[in-house]
Amino acid sequence: MLEISARIVSPVSGKHRIALKARGRTAVWLDGKLIVEEGEPLEVFELDDLWGNQPYHVAEVDLQAGRPVEFRARWRKFYDHNHVTIDLSIEKPTVTPAEALAESELLARGADAVVLVIGTTDQDETEGRDRTSLSLQPAMDELVRRVAAANPRTIVVVSAGSPVEMPWREDVAAILLTWFPGQEAGNALADMLLGRVEPGGRLPTTWPAEMADVPVLDTQPVDGTLLYSEGLHVGYKAWLQNEVAPAFPFGHGGGYTTWTYLDVEPAAEAARGHGSSGHGAGSPASGAAVTVRLRNSGSRPGREVVQLYLARPDSAVERPLLWLGGFASVEAAAGQTVEVAVPVDPWALRHWDEAAADWAVEPGRFEVRVGRSVGDLRLATVIEVEA
C-alpha cells in the first residue's frame with residue numbers, strides 16, 4: 001500500500017478536476033471527504049497496459065481561490081509485480097473546446113509569431129502494441145488549422161516517435177520535428193527557434209500525406225511468420241514504386257540557409273572489389289567515392305548533409321530503383337563554395353548470391369545520384385565497379 005498527502009491551494013475559484021493516475025485500487029479524500037474510489041484488475045493481462053497505460057481516476061470539486069484543502073490518496077496494488085507511477089494533476093475551471101479554440105485564435109491573431117507544440121502521447125503510440133492510425137488527435141489538427149488561419153507565422157513543433165499525418169502542413173510557416181526529446185528539450189528548442197543553432201536533422205523514415213498512401217500497411221504475422229511481401233523494396237524503396245508521392249521523403253530536412261549543388265565527379269578512377277566474403281575477408285569497392293561541389297547560397301552559415309543514392313537499371317539481379325549508397329556532412333559560411341568527398345558504402349554495392357550463398361559484387365557501371373533527399377536529387381555521375 002502507498003499513501004500520499006498534500007495541501008492544495010488554487011489561485012482561482014470554480015469547479016476543478018483532480019486526477020490521480022495509477023493502476024490499482026485507488027481512493028482519494030479531500031478535506032476528509034472521499035471523492036474517488038476506483039480500480040479494477042485488467043481483464044486481459046498485458047504488461048504494456050499494466051506499466052505504461054495507467055488510467056486516470058478523476059473527480060470534480062469546487063475550490064475557492066486562496067483557500068487550502070487537504071488532499072490524501074491511498075493506492076493498493078493488484079498484482080505481486082505491480083509497477084506504479086503516481087501522477088497527480090489538477091485542472092483549473094475548464095472551458096468548452098469551442099471556447100478554448102476561440103481563445104487560441106485570439107491569442108494567435110495578436111501575436112508576432114506562434115509556436116504551437118503538439119504530438120502523440122502514450123495513448124497513441126507505445127512499444128507494446130502496433131498503431132492503428134497515423135493521425136494525431138482530431139482536436140490537435142483543428143487547433144493547428146484555426147491558429148494558422150489566424151496567424152500565418154505559425155511554427156508547429158511535432159513531438160512524435162514515428163510518422164504522423166499533417167493535413168495542415170501547407171498552411172503553416174514551418175514544422176520542427178523533435179521526436180521524443182529529453183530533459184533539456186526546452187533549452188534545445190529555444191536555441192533552435194531563436195536561431196542560436198541550426199536544426200540540421202534529416203528524416204530516417206518516409207512521412208506520408210495520408211495513411212492510405214503507405215505502400216505496406218499489413219504487418220501482422222500469419223501463423224507466427226511475418227512475410228515481407230515487398231521483397232527488397234523495404235521502406236523508402238517501396239515509395240519509389242508508389243504512384244503517390246509522400247509528404248516528406250526519406251532524407252528530407254531543412255535548416256536556416258539554402259544550398260546550390262554545382263557539380264559531381266568520381267573521386268577514384270575505379271571501384272574495385274577485393275573478395276566476396278560477407279564476414280570481412282574482402283571489402284568491395286572500398287575506395288569508391290564521389291566529390292561534390294556545392295555553395296551555401298543563403299545569408300547564414302549552415303550545415304548540409306549530402307546524400308548519395310545508387311541505381312543499376314541494367315542489373316542482372318533484382319535491385320531497388322534507388323538505394324542509399326552513402327552520405328557526408330559539410331559546413332560553409334554564407335556564399336562559400338565547398339567540396340565534400342562522399343564515400344560509397346562497400347555494402348551498398350553488394351548483393352546476395354543465392355547460388356553461392358554468399359555476398360557478391362556485380363561488375364559494371366553504377367549510376368550515382370546526389371542531392372538533399374531521395375526526393376530531391378540534383379546531380380548525377382557514374383562509377384565503374386570491378387569484381
# chains A, B, ... in the order shown; residues from 1 in each chain; ligands from 1
>>> select_by_dssp(residues="region 46-168 of chain A", states="helix (DSSP H, G or I)", output="PyMOL selection string")
chain A and resi 47-51+97-109+138-150
>>> write_last_selection(atoms="C-alpha atoms", output="mmCIF file, in the first residue's frame")
data_model
loop_
_atom_site.group_PDB
_atom_site.id
_atom_site.type_symbol
_atom_site.label_atom_id
_atom_site.label_comp_id
_atom_site.auth_asym_id
_atom_site.auth_seq_id
_atom_site.Cartn_x
_atom_site.Cartn_y
_atom_site.Cartn_z
ATOM 1 C CA LEU A 47 2.383 -5.723 -19.348
ATOM 2 C CA ASP A 48 2.194 -2.609 -21.501
ATOM 3 C CA ASP A 49 -1.166 -1.663 -20.001
ATOM 4 C CA LEU A 50 -0.032 -2.640 -16.526
ATOM 5 C CA TRP A 51 3.067 -0.470 -16.609
ATOM 6 C CA PRO A 97 -13.456 23.091 -26.605
ATOM 7 C CA ALA A 98 -15.103 25.852 -28.619
ATOM 8 C CA GLU A 99 -14.125 28.446 -26.006
ATOM 9 C CA ALA A 100 -10.563 27.122 -25.885
ATOM 10 C CA LEU A 101 -10.226 27.319 -29.684
ATOM 11 C CA ALA A 102 -11.628 30.838 -29.747
ATOM 12 C CA GLU A 103 -9.132 31.909 -27.068
ATOM 13 C CA SER A 104 -6.280 30.311 -29.032
ATOM 14 C CA GLU A 105 -7.323 32.146 -32.195
ATOM 15 C CA LEU A 106 -7.495 35.440 -30.305
ATOM 16 C CA LEU A 107 -4.022 34.965 -28.835
ATOM 17 C CA ALA A 108 -2.606 33.924 -32.219
ATOM 18 C CA ARG A 109 -4.124 36.904 -34.005
ATOM 19 C CA PRO A 138 -8.555 15.439 -34.208
ATOM 20 C CA ALA A 139 -8.574 18.304 -31.693
ATOM 21 C CA MET A 140 -4.861 18.911 -32.382
ATOM 22 C CA ASP A 141 -5.358 19.096 -36.139
ATOM 23 C CA GLU A 142 -8.256 21.508 -35.668
ATOM 24 C CA LEU A 143 -6.176 23.658 -33.310
ATOM 25 C CA VAL A 144 -3.391 23.939 -35.899
ATOM 26 C CA ARG A 145 -5.842 24.836 -38.656
ATOM 27 C CA ARG A 146 -7.537 27.547 -36.615
ATOM 28 C CA VAL A 147 -4.315 29.058 -35.248
ATOM 29 C CA ALA A 148 -2.600 29.044 -38.656
ATOM 30 C CA ALA A 149 -5.613 30.741 -40.217
ATOM 31 C CA ALA A 150 -5.405 33.436 -37.546
#
>>> residues_around(residues="region 206-217 of chain A", least_positions_apart="6", cutoff="6 Å", atoms="only C-alpha atoms", output="PDB file with C-alpha atoms, in the first residue's frame")
ATOM      1  CA  PRO A 163       5.432   9.338 -38.781  1.00  0.00           C
ATOM      2  CA  GLU A 165      -0.288  12.722 -40.789  1.00  0.00           C
ATOM      3  CA  PRO A 246       4.921  11.221 -49.781  1.00  0.00           C
ATOM      4  CA  ALA A 247       4.544  14.412 -47.806  1.00  0.00           C
ATOM      5  CA  PHE A 248       8.202  14.236 -46.751  1.00  0.00           C
ATOM      6  CA  PRO A 249      10.622  11.744 -48.357  1.00  0.00           C
ATOM      7  CA  PHE A 250      13.419   9.764 -46.764  1.00  0.00           C
TER       8      PHE A 250
END
>>> residues_around(residues="region 14-28 of chain A", least_positions_apart="5", cutoff="8 Å", atoms="only C-alpha atoms", output="PyMOL selection string")
chain A and resi 34-41+50-51+54-64+71-78+84-94
>>> select_by_dssp(residues="region 40-260 of chain A", states="strand (DSSP E)", output="PyMOL selection string")
chain A and resi 56-63+69-76+87-91+114-119+154-159+174-177+259-260
>>> closest_residue(among="A:Asp314, A:Asp223, A:Glu230, A:Glu70", to="Lys33 (chain A)", atoms="only C-alpha atoms")
A:Glu70
>>> atom_distance(atom1="CA of Ser162 (chain A)", atom2="CA of Arg319 (chain A)")
26.8 Å
>>> residues_around(residues="region 297-309 of chain A", least_positions_apart="5", cutoff="7 Å", atoms="only C-alpha atoms", output="PyMOL selection string")
chain A and resi 200+256-260+322-335+368-373
>>> write_last_selection(atoms="N, CA and C atoms", output="PDB file, in the first residue's frame")
ATOM      1  N   GLY A 200      19.491  20.636 -37.870  1.00  0.00           N
ATOM      2  CA  GLY A 200      20.125  20.024 -39.047  1.00  0.00           C
ATOM      3  C   GLY A 200      19.825  18.567 -39.257  1.00  0.00           C
ATOM      4  N   TYR A 256      18.599  26.770 -41.847  1.00  0.00           N
ATOM      5  CA  TYR A 256      18.392  28.215 -41.925  1.00  0.00           C
ATOM      6  C   TYR A 256      19.106  28.849 -43.106  1.00  0.00           C
ATOM      7  N   THR A 257      19.518  28.029 -44.075  1.00  0.00           N
ATOM      8  CA  THR A 257      20.124  28.577 -45.275  1.00  0.00           C
ATOM      9  C   THR A 257      19.715  27.714 -46.464  1.00  0.00           C
ATOM     10  N   THR A 258      20.154  28.086 -47.651  1.00  0.00           N
ATOM     11  CA  THR A 258      19.862  27.320 -48.867  1.00  0.00           C
ATOM     12  C   THR A 258      21.174  26.875 -49.497  1.00  0.00           C
ATOM     13  N   TRP A 259      21.083  25.810 -50.314  1.00  0.00           N
ATOM     14  CA  TRP A 259      22.277  25.232 -50.916  1.00  0.00           C
ATOM     15  C   TRP A 259      22.083  25.049 -52.415  1.00  0.00           C
ATOM     16  N   THR A 260      23.127  25.377 -53.163  1.00  0.00           N
ATOM     17  CA  THR A 260      23.144  25.165 -54.604  1.00  0.00           C
ATOM     18  C   THR A 260      24.169  24.075 -54.918  1.00  0.00           C
ATOM     19  N   LEU A 322      16.321   2.865 -56.567  1.00  0.00           N
ATOM     20  CA  LEU A 322      17.399   3.643 -55.971  1.00  0.00           C
ATOM     21  C   LEU A 322      17.623   3.118 -54.564  1.00  0.00           C
ATOM     22  N   TRP A 323      18.862   3.237 -54.097  1.00  0.00           N
ATOM     23  CA  TRP A 323      19.110   2.900 -52.704  1.00  0.00           C
ATOM     24  C   TRP A 323      20.245   3.774 -52.183  1.00  0.00           C
ATOM     25  N   LEU A 324      20.210   4.052 -50.891  1.00  0.00           N
ATOM     26  CA  LEU A 324      21.206   4.922 -50.277  1.00  0.00           C
ATOM     27  C   LEU A 324      22.575   4.267 -50.334  1.00  0.00           C
ATOM     28  N   GLY A 325      23.555   4.999 -50.896  1.00  0.00           N
ATOM     29  CA  GLY A 325      24.900   4.467 -51.019  1.00  0.00           C
ATOM     30  C   GLY A 325      25.907   5.126 -50.107  1.00  0.00           C
ATOM     31  N   GLY A 326      25.565   6.290 -49.549  1.00  0.00           N
ATOM     32  CA  GLY A 326      26.486   6.986 -48.665  1.00  0.00           C
ATOM     33  C   GLY A 326      26.021   8.410 -48.428  1.00  0.00           C
ATOM     34  N   PHE A 327      26.649   9.065 -47.474  1.00  0.00           N
ATOM     35  CA  PHE A 327      26.330  10.465 -47.195  1.00  0.00           C
ATOM     36  C   PHE A 327      27.498  11.092 -46.451  1.00  0.00           C
ATOM     37  N   ALA A 328      27.553  12.417 -46.475  1.00  0.00           N
ATOM     38  CA  ALA A 328      28.589  13.157 -45.767  1.00  0.00           C
ATOM     39  C   ALA A 328      28.052  14.544 -45.456  1.00  0.00           C
ATOM     40  N   SER A 329      28.494  15.105 -44.357  1.00  0.00           N
ATOM     41  CA  SER A 329      28.050  16.451 -43.993  1.00  0.00           C
ATOM     42  C   SER A 329      29.160  17.454 -44.263  1.00  0.00           C
ATOM     43  N   VAL A 330      28.754  18.688 -44.519  1.00  0.00           N
ATOM     44  CA  VAL A 330      29.702  19.750 -44.812  1.00  0.00           C
ATOM     45  C   VAL A 330      29.148  21.052 -44.257  1.00  0.00           C
ATOM     46  N   GLU A 331      30.025  21.919 -43.790  1.00  0.00           N
ATOM     47  CA  GLU A 331      29.634  23.225 -43.278  1.00  0.00           C
ATOM     48  C   GLU A 331      30.244  24.314 -44.144  1.00  0.00           C
ATOM     49  N   ALA A 332      29.530  25.428 -44.259  1.00  0.00           N
ATOM     50  CA  ALA A 332      30.035  26.534 -45.078  1.00  0.00           C
ATOM     51  C   ALA A 332      29.448  27.841 -44.588  1.00  0.00           C
ATOM     52  N   ALA A 333      30.222  28.905 -44.743  1.00  0.00           N
ATOM     53  CA  ALA A 333      29.723  30.244 -44.438  1.00  0.00           C
ATOM     54  C   ALA A 333      28.811  30.717 -45.569  1.00  0.00           C
ATOM     55  N   ALA A 334      28.078  31.758 -45.318  1.00  0.00           N
ATOM     56  CA  ALA A 334      27.186  32.301 -46.340  1.00  0.00           C
ATOM     57  C   ALA A 334      27.979  32.676 -47.581  1.00  0.00           C
ATOM     58  N   GLY A 335      27.536  32.181 -48.746  1.00  0.00           N
ATOM     59  CA  GLY A 335      28.196  32.481 -50.005  1.00  0.00           C
ATOM     60  C   GLY A 335      29.404  31.636 -50.312  1.00  0.00           C
ATOM     61  N   VAL A 368      25.106   7.103 -60.132  1.00  0.00           N
ATOM     62  CA  VAL A 368      25.174   7.806 -58.850  1.00  0.00           C
ATOM     63  C   VAL A 368      24.315   9.062 -58.938  1.00  0.00           C
ATOM     64  N   ARG A 369      23.404   9.213 -58.015  1.00  0.00           N
ATOM     65  CA  ARG A 369      22.584  10.427 -57.926  1.00  0.00           C
ATOM     66  C   ARG A 369      22.871  11.093 -56.589  1.00  0.00           C
ATOM     67  N   VAL A 370      22.999  12.399 -56.603  1.00  0.00           N
ATOM     68  CA  VAL A 370      23.369  13.146 -55.402  1.00  0.00           C
ATOM     69  C   VAL A 370      22.369  14.258 -55.162  1.00  0.00           C
ATOM     70  N   GLY A 371      22.026  14.475 -53.885  1.00  0.00           N
ATOM     71  CA  GLY A 371      21.105  15.554 -53.574  1.00  0.00           C
ATOM     72  C   GLY A 371      20.826  15.670 -52.091  1.00  0.00           C
ATOM     73  N   ARG A 372      19.686  16.282 -51.789  1.00  0.00           N
ATOM     74  CA  ARG A 372      19.329  16.617 -50.408  1.00  0.00           C
ATOM     75  C   ARG A 372      18.456  15.556 -49.762  1.00  0.00           C
ATOM     76  N   SER A 373      17.816  14.712 -50.561  1.00  0.00           N
ATOM     77  CA  SER A 373      16.987  13.613 -50.068  1.00  0.00           C
ATOM     78  C   SER A 373      16.727  12.690 -51.239  1.00  0.00           C
TER      79      SER A 373
END
>>> atom_distance(atom1="CA of Arg153 (chain A)", atom2="CA of Gly254 (chain A)")
17.4 Å
>>> atom_distance(atom1="CA of Arg295 (chain A)", atom2="CA of Gly195 (chain A)")
20.7 Å
